[in-house]
>>> print(open('model18.cif').read())   # mmCIF, C-alpha atoms; chains and numbers go by the auth columns
data_entry
#
loop_
_atom_site.group_PDB
_atom_site.id
_atom_site.type_symbol
_atom_site.label_atom_id
_atom_site.label_comp_id
_atom_site.label_asym_id
_atom_site.label_seq_id
_atom_site.Cartn_x
_atom_site.Cartn_y
_atom_site.Cartn_z
_atom_site.B_iso_or_equiv
_atom_site.auth_seq_id
_atom_site.auth_asym_id
ATOM 1 C CA MET A 1 123.959 68.779 116.555 0.00 949 A
ATOM 2 C CA SER A 2 124.903 68.472 120.219 0.00 950 A
ATOM 3 C CA GLU A 3 123.233 70.600 122.871 0.00 951 A
ATOM 4 C CA PRO A 4 126.345 72.656 123.795 0.00 952 A
ATOM 5 C CA GLN A 5 126.923 73.581 120.142 0.00 953 A
ATOM 6 C CA THR A 6 123.324 74.713 119.790 0.00 954 A
ATOM 7 C CA ASP A 7 123.547 76.763 122.996 0.00 955 A
ATOM 8 C CA ASP A 8 126.689 78.434 121.682 0.00 956 A
ATOM 9 C CA ARG A 9 124.878 79.322 118.465 0.00 957 A
ATOM 10 C CA VAL A 10 121.992 80.851 120.391 0.00 958 A
ATOM 11 C CA ALA A 11 124.397 83.042 122.359 0.00 959 A
ATOM 12 C CA SER A 12 126.385 84.028 119.271 0.00 960 A
ATOM 13 C CA THR A 13 123.210 84.840 117.329 0.00 961 A
ATOM 14 C CA LEU A 14 121.899 87.016 120.149 0.00 962 A
ATOM 15 C CA GLU A 15 125.256 88.780 120.303 0.00 963 A
ATOM 16 C CA GLU A 16 125.260 89.373 116.549 0.00 964 A
ATOM 17 C CA LEU A 17 121.735 90.794 116.671 0.00 965 A
ATOM 18 C CA ALA A 18 122.685 93.036 119.593 0.00 966 A
ATOM 19 C CA GLN A 19 125.585 94.429 117.563 0.00 967 A
ATOM 20 C CA LEU A 20 123.176 95.268 114.735 0.00 968 A
ATOM 21 C CA GLU A 21 120.875 97.214 117.053 0.00 969 A
ATOM 22 C CA ASP A 22 120.000 100.671 115.712 0.00 970 A
ATOM 23 C CA PRO A 23 118.321 103.050 118.217 0.00 971 A
ATOM 24 C CA LYS A 24 116.631 105.001 115.421 0.00 972 A
ATOM 25 C CA ALA A 25 115.165 101.817 113.946 0.00 973 A
ATOM 26 C CA ARG A 26 113.985 100.729 117.389 0.00 974 A
ATOM 27 C CA ALA A 27 112.242 104.055 117.955 0.00 975 A
ATOM 28 C CA ILE A 28 110.372 103.686 114.664 0.00 976 A
ATOM 29 C CA ASN A 29 109.465 100.072 115.342 0.00 977 A
ATOM 30 C CA GLU A 30 108.272 100.805 118.855 0.00 978 A
ATOM 31 C CA ARG A 31 105.706 103.229 117.456 0.00 979 A
ATOM 32 C CA HIS A 32 104.141 100.171 115.812 0.00 980 A
ATOM 33 C CA GLY A 33 104.319 97.984 118.915 0.00 981 A
ATOM 34 C CA ASN A 34 107.538 96.162 117.984 0.00 982 A
ATOM 35 C CA ASP A 35 110.455 95.972 120.434 0.00 983 A
ATOM 36 C CA TYR A 36 113.423 95.379 118.132 0.00 984 A
ATOM 37 C CA GLY A 37 115.926 97.666 116.458 0.00 985 A
ATOM 38 C CA VAL A 38 117.593 95.517 113.808 0.00 986 A
ATOM 39 C CA ASN A 39 117.246 96.455 110.139 0.00 987 A
ATOM 40 C CA LEU A 40 115.276 93.623 108.540 0.00 988 A
ATOM 41 C CA THR A 41 117.637 93.303 105.565 0.00 989 A
ATOM 42 C CA LYS A 42 120.496 92.705 107.999 0.00 990 A
ATOM 43 C CA LEU A 43 118.345 90.372 110.099 0.00 991 A
ATOM 44 C CA ARG A 44 117.547 88.320 106.990 0.00 992 A
ATOM 45 C CA ALA A 45 121.264 88.112 106.247 0.00 993 A
ATOM 46 C CA VAL A 46 121.846 86.657 109.723 0.00 994 A
ATOM 47 C CA ALA A 47 119.159 84.046 109.058 0.00 995 A
ATOM 48 C CA LYS A 48 120.559 83.226 105.620 0.00 996 A
ATOM 49 C CA ALA A 49 123.994 82.551 107.103 0.00 997 A
ATOM 50 C CA LEU A 50 122.486 80.225 109.722 0.00 998 A
ATOM 51 C CA LYS A 51 120.505 78.267 107.087 0.00 999 A
ATOM 52 C CA LYS A 52 117.538 76.055 107.972 0.00 1000 A
ATOM 53 C CA ASP A 53 117.945 74.706 111.496 0.00 1001 A
ATOM 54 C CA PRO A 54 114.720 73.654 113.263 0.00 1002 A
ATOM 55 C CA GLU A 55 116.383 72.973 116.626 0.00 1003 A
ATOM 56 C CA LEU A 56 118.180 76.311 116.687 0.00 1004 A
ATOM 57 C CA ALA A 57 114.924 77.967 115.606 0.00 1005 A
ATOM 58 C CA ARG A 58 113.086 76.497 118.591 0.00 1006 A
ATOM 59 C CA GLN A 59 115.776 77.667 120.998 0.00 1007 A
ATOM 60 C CA LEU A 60 115.868 81.168 119.511 0.00 1008 A
ATOM 61 C CA TRP A 61 112.095 81.328 119.860 0.00 1009 A
ATOM 62 C CA ALA A 62 112.391 80.332 123.513 0.00 1010 A
ATOM 63 C CA THR A 63 114.578 83.392 124.253 0.00 1011 A
ATOM 64 C CA ASP A 64 111.467 85.641 123.955 0.00 1012 A
ATOM 65 C CA ASP A 65 113.676 88.193 122.151 0.00 1013 A
ATOM 66 C CA THR A 66 111.768 89.684 119.211 0.00 1014 A
ATOM 67 C CA ALA A 67 114.722 89.902 116.800 0.00 1015 A
ATOM 68 C CA ALA A 68 115.759 86.336 117.687 0.00 1016 A
ATOM 69 C CA ARG A 69 112.200 85.140 117.120 0.00 1017 A
ATOM 70 C CA LEU A 70 112.134 86.758 113.690 0.00 1018 A
ATOM 71 C CA VAL A 71 115.329 84.881 112.824 0.00 1019 A
ATOM 72 C CA ALA A 72 113.770 81.699 114.206 0.00 1020 A
ATOM 73 C CA LEU A 73 110.801 82.059 111.878 0.00 1021 A
ATOM 74 C CA LEU A 74 113.148 82.375 108.902 0.00 1022 A
ATOM 75 C CA ILE A 75 115.288 79.326 109.714 0.00 1023 A
ATOM 76 C CA CYS A 76 112.589 76.926 110.927 0.00 1024 A
ATOM 77 C CA LYS A 77 110.910 74.249 108.823 0.00 1025 A
ATOM 78 C CA PRO A 78 107.166 75.021 108.837 0.00 1026 A
ATOM 79 C CA LYS A 79 106.061 71.445 108.163 0.00 1027 A
ATOM 80 C CA GLU A 80 107.718 70.213 111.369 0.00 1028 A
ATOM 81 C CA PHE A 81 105.352 72.072 113.716 0.00 1029 A
ATOM 82 C CA THR A 82 102.151 70.571 115.050 0.00 1030 A
ATOM 83 C CA ALA A 83 98.948 72.600 115.026 0.00 1031 A
ATOM 84 C CA ASP A 84 99.074 72.885 118.825 0.00 1032 A
ATOM 85 C CA GLU A 85 102.663 74.143 118.732 0.00 1033 A
ATOM 86 C CA LEU A 86 101.698 76.848 116.248 0.00 1034 A
ATOM 87 C CA ASP A 87 98.703 77.796 118.375 0.00 1035 A
ATOM 88 C CA THR A 88 100.975 78.200 121.401 0.00 1036 A
ATOM 89 C CA MET A 89 103.479 80.226 119.384 0.00 1037 A
ATOM 90 C CA LEU A 90 100.766 82.579 118.166 0.00 1038 A
ATOM 91 C CA ARG A 91 99.651 83.256 121.729 0.00 1039 A
ATOM 92 C CA GLU A 92 103.291 83.846 122.733 0.00 1040 A
ATOM 93 C CA ALA A 93 104.063 86.113 119.787 0.00 1041 A
ATOM 94 C CA ARG A 94 103.565 89.412 121.694 0.00 1042 A
ATOM 95 C CA THR A 95 104.528 91.813 118.875 0.00 1043 A
ATOM 96 C CA PRO A 96 102.763 92.511 115.565 0.00 1044 A
ATOM 97 C CA LYS A 97 105.845 91.737 113.436 0.00 1045 A
ATOM 98 C CA VAL A 98 106.370 88.314 115.036 0.00 1046 A
ATOM 99 C CA HIS A 99 102.632 87.615 114.735 0.00 1047 A
ATOM 100 C CA ASP A 100 102.610 88.542 111.044 0.00 1048 A
ATOM 101 C CA TRP A 101 105.765 86.583 110.170 0.00 1049 A
ATOM 102 C CA LEU A 102 104.502 83.530 112.039 0.00 1050 A
ATOM 103 C CA ILE A 103 101.336 83.593 109.931 0.00 1051 A
ATOM 104 C CA GLY A 104 102.966 84.511 106.616 0.00 1052 A
ATOM 105 C CA TYR A 105 106.188 82.511 106.757 0.00 1053 A
ATOM 106 C CA VAL A 106 105.219 79.480 108.812 0.00 1054 A
ATOM 107 C CA VAL A 107 101.489 78.780 109.143 0.00 1055 A
ATOM 108 C CA THR A 108 100.690 79.388 105.460 0.00 1056 A
ATOM 109 C CA LYS A 109 103.592 77.128 104.447 0.00 1057 A
ATOM 110 C CA GLY A 110 102.593 74.162 106.614 0.00 1058 A
ATOM 111 C CA PRO A 111 99.872 71.513 106.597 0.00 1059 A
ATOM 112 C CA HIS A 112 97.736 72.973 109.414 0.00 1060 A
ATOM 113 C CA MET A 113 96.656 76.267 107.852 0.00 1061 A
ATOM 114 C CA GLU A 114 92.979 75.446 107.351 0.00 1062 A
ATOM 115 C CA ALA A 115 92.537 73.711 110.714 0.00 1063 A
ATOM 116 C CA LEU A 116 94.119 76.689 112.474 0.00 1064 A
ATOM 117 C CA ARG A 117 92.145 79.181 110.402 0.00 1065 A
ATOM 118 C CA GLU A 118 88.914 77.585 111.576 0.00 1066 A
ATOM 119 C CA ARG A 119 90.136 77.316 115.190 0.00 1067 A
ATOM 120 C CA TRP A 120 91.359 80.891 115.383 0.00 1068 A
ATOM 121 C CA MET A 121 88.297 82.422 113.709 0.00 1069 A
ATOM 122 C CA ARG A 122 86.259 81.166 116.680 0.00 1070 A
ATOM 123 C CA ASP A 123 88.689 82.345 119.368 0.00 1071 A
ATOM 124 C CA THR A 124 87.520 84.916 121.901 0.00 1072 A
ATOM 125 C CA ASP A 125 90.943 86.613 121.995 0.00 1073 A
ATOM 126 C CA PRO A 126 90.722 89.295 119.267 0.00 1074 A
ATOM 127 C CA VAL A 127 94.435 89.090 118.433 0.00 1075 A
ATOM 128 C CA VAL A 128 94.178 85.327 117.968 0.00 1076 A
ATOM 129 C CA ALA A 129 90.965 85.775 115.981 0.00 1077 A
ATOM 130 C CA SER A 130 92.774 88.271 113.758 0.00 1078 A
ATOM 131 C CA ALA A 131 95.094 85.443 112.691 0.00 1079 A
ATOM 132 C CA GLY A 132 92.066 83.456 111.533 0.00 1080 A
ATOM 133 C CA TRP A 133 90.876 86.407 109.487 0.00 1081 A
ATOM 134 C CA ALA A 134 94.377 86.913 108.055 0.00 1082 A
ATOM 135 C CA LEU A 135 94.364 83.305 106.865 0.00 1083 A
ATOM 136 C CA THR A 136 90.885 83.788 105.417 0.00 1084 A
ATOM 137 C CA ALA A 137 92.067 86.840 103.461 0.00 1085 A
ATOM 138 C CA HIS A 138 95.107 84.820 102.338 0.00 1086 A
ATOM 139 C CA ARG A 139 92.887 82.055 100.926 0.00 1087 A
ATOM 140 C CA ILE A 140 90.741 84.568 99.055 0.00 1088 A
ATOM 141 C CA ALA A 141 93.754 86.394 97.631 0.00 1089 A
ATOM 142 C CA LYS A 142 95.271 83.088 96.494 0.00 1090 A
ATOM 143 C CA GLY A 143 92.025 81.971 94.853 0.00 1091 A
ATOM 144 C CA THR A 144 91.750 78.921 97.102 0.00 1092 A
ATOM 145 C CA ASP A 145 88.561 80.009 98.848 0.00 1093 A
ATOM 146 C CA ASP A 146 86.145 77.460 97.417 0.00 1094 A
ATOM 147 C CA GLY A 147 83.843 76.385 100.220 0.00 1095 A
ATOM 148 C CA LEU A 148 84.024 79.654 102.160 0.00 1096 A
ATOM 149 C CA ASP A 149 80.695 81.313 102.946 0.00 1097 A
ATOM 150 C CA HIS A 150 81.406 84.774 101.585 0.00 1098 A
ATOM 151 C CA ASP A 151 77.923 86.058 102.443 0.00 1099 A
ATOM 152 C CA ALA A 152 78.409 85.055 106.074 0.00 1100 A
ATOM 153 C CA LEU A 153 81.860 86.625 106.166 0.00 1101 A
ATOM 154 C CA LEU A 154 80.473 89.890 104.831 0.00 1102 A
ATOM 155 C CA SER A 155 77.651 89.812 107.372 0.00 1103 A
ATOM 156 C CA THR A 156 80.107 89.322 110.229 0.00 1104 A
ATOM 157 C CA ILE A 157 82.305 92.129 108.914 0.00 1105 A
ATOM 158 C CA GLU A 158 79.297 94.409 108.540 0.00 1106 A
ATOM 159 C CA SER A 159 78.137 93.827 112.109 0.00 1107 A
ATOM 160 C CA GLN A 160 81.472 93.664 113.949 0.00 1108 A
ATOM 161 C CA MET A 161 84.289 95.420 112.097 0.00 1109 A
ATOM 162 C CA SER A 162 83.637 98.992 113.175 0.00 1110 A
ATOM 163 C CA THR A 163 83.998 98.172 116.888 0.00 1111 A
ATOM 164 C CA ALA A 164 86.612 95.406 116.644 0.00 1112 A
ATOM 165 C CA HIS A 165 90.066 95.451 118.271 0.00 1113 A
ATOM 166 C CA ASP A 166 92.511 97.239 115.958 0.00 1114 A
ATOM 167 C CA ARG A 167 94.335 94.121 114.777 0.00 1115 A
ATOM 168 C CA LEU A 168 91.113 92.203 114.268 0.00 1116 A
ATOM 169 C CA GLN A 169 89.612 95.192 112.507 0.00 1117 A
ATOM 170 C CA TRP A 170 92.602 95.380 110.149 0.00 1118 A
ATOM 171 C CA GLU A 171 92.277 91.736 109.104 0.00 1119 A
ATOM 172 C CA MET A 172 88.500 91.942 108.746 0.00 1120 A
ATOM 173 C CA ASN A 173 89.029 94.946 106.504 0.00 1121 A
ATOM 174 C CA THR A 174 91.620 93.029 104.491 0.00 1122 A
ATOM 175 C CA THR A 175 89.139 90.185 104.047 0.00 1123 A
ATOM 176 C CA LEU A 176 86.457 92.667 102.980 0.00 1124 A
ATOM 177 C CA ALA A 177 88.769 94.138 100.359 0.00 1125 A
ATOM 178 C CA GLN A 178 89.916 90.747 99.071 0.00 1126 A
ATOM 179 C CA ILE A 179 86.318 89.569 98.658 0.00 1127 A
ATOM 180 C CA GLY A 180 85.497 92.726 96.712 0.00 1128 A
ATOM 181 C CA ILE A 181 88.591 92.372 94.532 0.00 1129 A
ATOM 182 C CA ALA A 182 88.304 88.652 93.798 0.00 1130 A
ATOM 183 C CA HIS A 183 84.542 88.188 93.488 0.00 1131 A
ATOM 184 C CA PRO A 184 82.552 90.532 91.199 0.00 1132 A
ATOM 185 C CA GLN A 185 79.262 89.083 92.491 0.00 1133 A
ATOM 186 C CA PHE A 186 80.069 90.420 95.980 0.00 1134 A
ATOM 187 C CA ARG A 187 81.811 93.619 94.904 0.00 1135 A
ATOM 188 C CA ASP A 188 78.902 96.027 95.242 0.00 1136 A
ATOM 189 C CA ARG A 189 78.093 94.717 98.705 0.00 1137 A
ATOM 190 C CA ALA A 190 81.735 94.928 99.794 0.00 1138 A
ATOM 191 C CA LEU A 191 82.003 98.491 98.499 0.00 1139 A
ATOM 192 C CA ALA A 192 78.768 99.468 100.262 0.00 1140 A
ATOM 193 C CA ILE A 193 79.944 98.005 103.580 0.00 1141 A
ATOM 194 C CA GLY A 194 83.236 99.851 103.311 0.00 1142 A
ATOM 195 C CA GLU A 195 81.561 103.142 102.440 0.00 1143 A
ATOM 196 C CA ARG A 196 79.062 102.863 105.291 0.00 1144 A
ATOM 197 C CA LEU A 197 81.499 101.806 108.023 0.00 1145 A
ATOM 198 C CA GLU A 198 84.342 104.131 106.893 0.00 1146 A
ATOM 199 C CA VAL A 199 86.925 101.922 108.640 0.00 1147 A
ATOM 200 C CA LEU A 200 90.488 103.148 107.846 0.00 1148 A
ATOM 201 C CA LYS A 201 89.075 105.911 105.649 0.00 1149 A
ATOM 202 C CA ASP A 202 91.536 108.416 107.102 0.00 1150 A
ATOM 203 C CA TYR A 203 94.487 106.019 107.434 0.00 1151 A
ATOM 204 C CA PRO A 204 97.715 107.851 106.501 0.00 1152 A
ATOM 205 C CA THR A 205 98.957 106.508 103.183 0.00 1153 A
ATOM 206 C CA ALA A 206 102.365 107.236 101.683 0.00 1154 A
ATOM 207 C CA PRO A 207 102.577 108.626 98.149 0.00 1155 A
ATOM 208 C CA GLY A 208 102.444 105.853 95.585 0.00 1156 A
ATOM 209 C CA CYS A 209 100.784 103.416 98.002 0.00 1157 A
ATOM 210 C CA THR A 210 97.176 102.264 97.934 0.00 1158 A
ATOM 211 C CA SER A 211 94.926 103.259 100.814 0.00 1159 A
ATOM 212 C CA PRO A 212 93.699 100.384 103.027 0.00 1160 A
ATOM 213 C CA PHE A 213 90.227 101.975 102.958 0.00 1161 A
ATOM 214 C CA ALA A 214 88.330 99.117 101.339 0.00 1162 A
ATOM 215 C CA PRO A 215 86.421 101.052 98.635 0.00 1163 A
ATOM 216 C CA ILE A 216 89.623 102.700 97.398 0.00 1164 A
ATOM 217 C CA TRP A 217 91.611 99.471 97.686 0.00 1165 A
ATOM 218 C CA ILE A 218 89.000 97.420 95.809 0.00 1166 A
ATOM 219 C CA SER A 219 88.543 99.996 93.057 0.00 1167 A
ATOM 220 C CA GLU A 220 92.286 100.399 92.523 0.00 1168 A
ATOM 221 C CA MET A 221 92.994 96.659 92.314 0.00 1169 A
ATOM 222 C CA VAL A 222 90.063 96.045 89.944 0.00 1170 A
ATOM 223 C CA LYS A 223 91.237 98.927 87.770 0.00 1171 A
ATOM 224 C CA ARG A 224 94.749 97.481 87.598 0.00 1172 A
ATOM 225 C CA ALA A 225 93.431 94.020 86.747 0.00 1173 A
ATOM 226 C CA GLU A 226 91.274 95.381 83.960 0.00 1174 A
ATOM 227 C CA ALA A 227 94.189 97.403 82.587 0.00 1175 A
#
>>> encode(input="model18.cif", output="structure tokens")
Amino acid sequence: MSEPQTDDRVASTLEELAQLEDPKARAINERHGNDYGVNLTKLRAVAKALKKDPELARQLWATDDTAARLVALLICKPKEFTADELDTMLREARTPKVHDWLIGYVVTKGPHMEALRERWMRDTDPVVASAGWALTAHRIAKGTDDGLDHDALLSTIESQMSTAHDRLQWEMNTTLAQIGIAHPQFRDRALAIGERLEVLKDYPTAPGCTSPFAPIWISEMVKRAEA
């Protein structure tokens, strides 16, 4: 694809996303730190029409527009990024939705997940570190956590989660819950940590949804598995 054609597609994609802008959706999203107002079902339809296009994805990412970046993450090819490129993208992500989609749709689908998990877990930036914890929780949930030191993870959670940055705290809590759900030998300890720290105990939960409070989350998932 020639450069002018790609530039035209960037402009036309931005225009299409602008036409889909919904002020009510933006107001809701902004309450969660996200600066876009496009319904995600419609945004996915835009990405589906574009199909996989790594070069267009890179140029949409470079616009720094959140909706365009979400489209970019849907049309890119995860295996084509280097670990350093993904590290840079994470630090550029800005908004929670872009951060989460980058982890869930790109990093976990590529060959650098474990190297980045280890790198990000050690990072001093709590938002970057939260990505490492998200990948740790992902491994546990997928049952691919052989080799992880679950005792050490629980000790870190026990000592740091209650005072952690909100995004880091969320992912530490997710890891705590996943350990308790997946590993009966650590379940009592995970439940005890959750009960003592009370992180997310009062988090508003919609009817029919499971509370993110780890003791409730663990107990509910174990109950479902046993049923």
>>> residues_around(input="model18.cif", residues="A:Lys1090", least_positions_apart="2", cutoff="12 Å", atoms="all atoms listed in the file", output="list of chain:residue names")
A:Thr1056, A:Leu1083, A:Thr1084, A:Ala1085, A:His1086, A:Arg1087, A:Ile1088, A:Thr1092, A:Asp1093, A:Asp1094, A:Gln1126, A:Ile1127, A:Ile1129, A:Ala1130
>>> atom_distance(input="model18.cif", atom1="atom CA of A:Glu978", atom2="atom CA of A:Val1147")
23.7 Å
>>> atom_distance(input="model18.cif", atom1="atom CA of A:Ser960", atom2="atom CA of A:Glu1040")
23.4 Å
>>> residues_around(input="model18.cif", residues="A:Asp1071", least_positions_apart="6", cutoff="12 Å", atoms="all atoms listed in the file", output="compact mmCIF listing (two decimals) with C-alpha atoms, in the frame of the given file")
# COMPACT_ATOMS: atom_id res chain seq x y z
CA ASP A 1035 98.70 77.80 118.38
CA ARG A 1039 99.65 83.26 121.73
CA LEU A 1064 94.12 76.69 112.47
CA ARG A 1065 92.14 79.18 110.40
CA ALA A 1077 90.96 85.78 115.98
CA SER A 1078 92.77 88.27 113.76
CA ALA A 1079 95.09 85.44 112.69
CA GLY A 1080 92.07 83.46 111.53
CA TRP A 1081 90.88 86.41 109.49
CA LEU A 1116 91.11 92.20 114.27
>>> closest_residue(input="model18.cif", among="A:Leu1004, A:Val986, A:Arg992, A:Leu1018", to="A:Asp956", atoms="all atoms listed in the file")
A:Leu1004
>>> axis_aligned_box(input="model18.cif", around="stretch 1105-1108 of chain A", padding_each_side="6 Å", output="AutoDock Vina command-line options")
--center_x 80.2 --center_y 93.3 --center_z 111.2 --size_x 16.2 --size_y 14.3 --size_z 17.4
>>> closest_residue(input="model18.cif", among="A:Leu1102, A:Leu988, A:Leu1021, A:Ala1015", to="A:Glu963", atoms="all atoms listed in the file")
A:Ala1015
>>> residues_around(input="model18.cif", residues="A:Lys990", least_positions_apart="4", cutoff="10 Å", atoms="all atoms listed in the file", output="list in words")
Leu965, Leu968, Val986, Val994, Ala995 and Lys996 of chain A
>>> resolve_selection(input="model18.cif", expression="the PyMOL selection byres ((chain A and resi 973) around 12)", output="list of chain:residue names")
A:Leu968, A:Glu969, A:Asp970, A:Pro971, A:Lys972, A:Arg974, A:Ala975, A:Ile976, A:Asn977, A:Glu978, A:Arg979, A:His980, A:Asn982, A:Asp983, A:Tyr984, A:Gly985, A:Val986, A:Asn987, A:Leu988
>>> residues_near_point(input="model18.cif", point="(115.1, 85.0, 121.0)", cutoff="10 Å", atoms="all atoms listed in the file", output="ChimeraX atom specification")
/A:958-959,961-962,965,1005-1020
>>> resolve_selection(input="model18.cif", expression="the PyMOL selection byres ((chain A and resi 1120) around 9)", output="MDAnalysis selection string")
chainID A and resid 1078 1081:1082 1085 1101 1104:1105 1108:1109 1112 1115:1119 1121:1125
>>> closest_residue(input="model18.cif", among="A:Met1069, A:Ile1141, A:Ala1041, A:Ala1031", to="A:Val1055", atoms="only C-alpha atoms")
A:Ala1031
>>> closest_residue(input="model18.cif", among="A:Cys1024, A:Lys1171, A:His1047, A:Ala997", to="A:Glu964", atoms="only C-alpha atoms")
A:Ala997
>>> closest_residue(input="model18.cif", among="A:Glu1033, A:Asp1001, A:Glu1028, A:Glu1106", to="A:Leu1145", atoms="all atoms listed in the file")
A:Glu1106
>>> closest_residue(input="model18.cif", among="A:Lys1057, A:Thr1158, A:Val1046, A:Ile1164", to="A:Ala1140", atoms="all atoms listed in the file")
A:Ile1164
>>> atom_distance(input="model18.cif", atom1="atom CA of A:Pro1074", atom2="atom CA of A:Phe1029")
23.3 Å
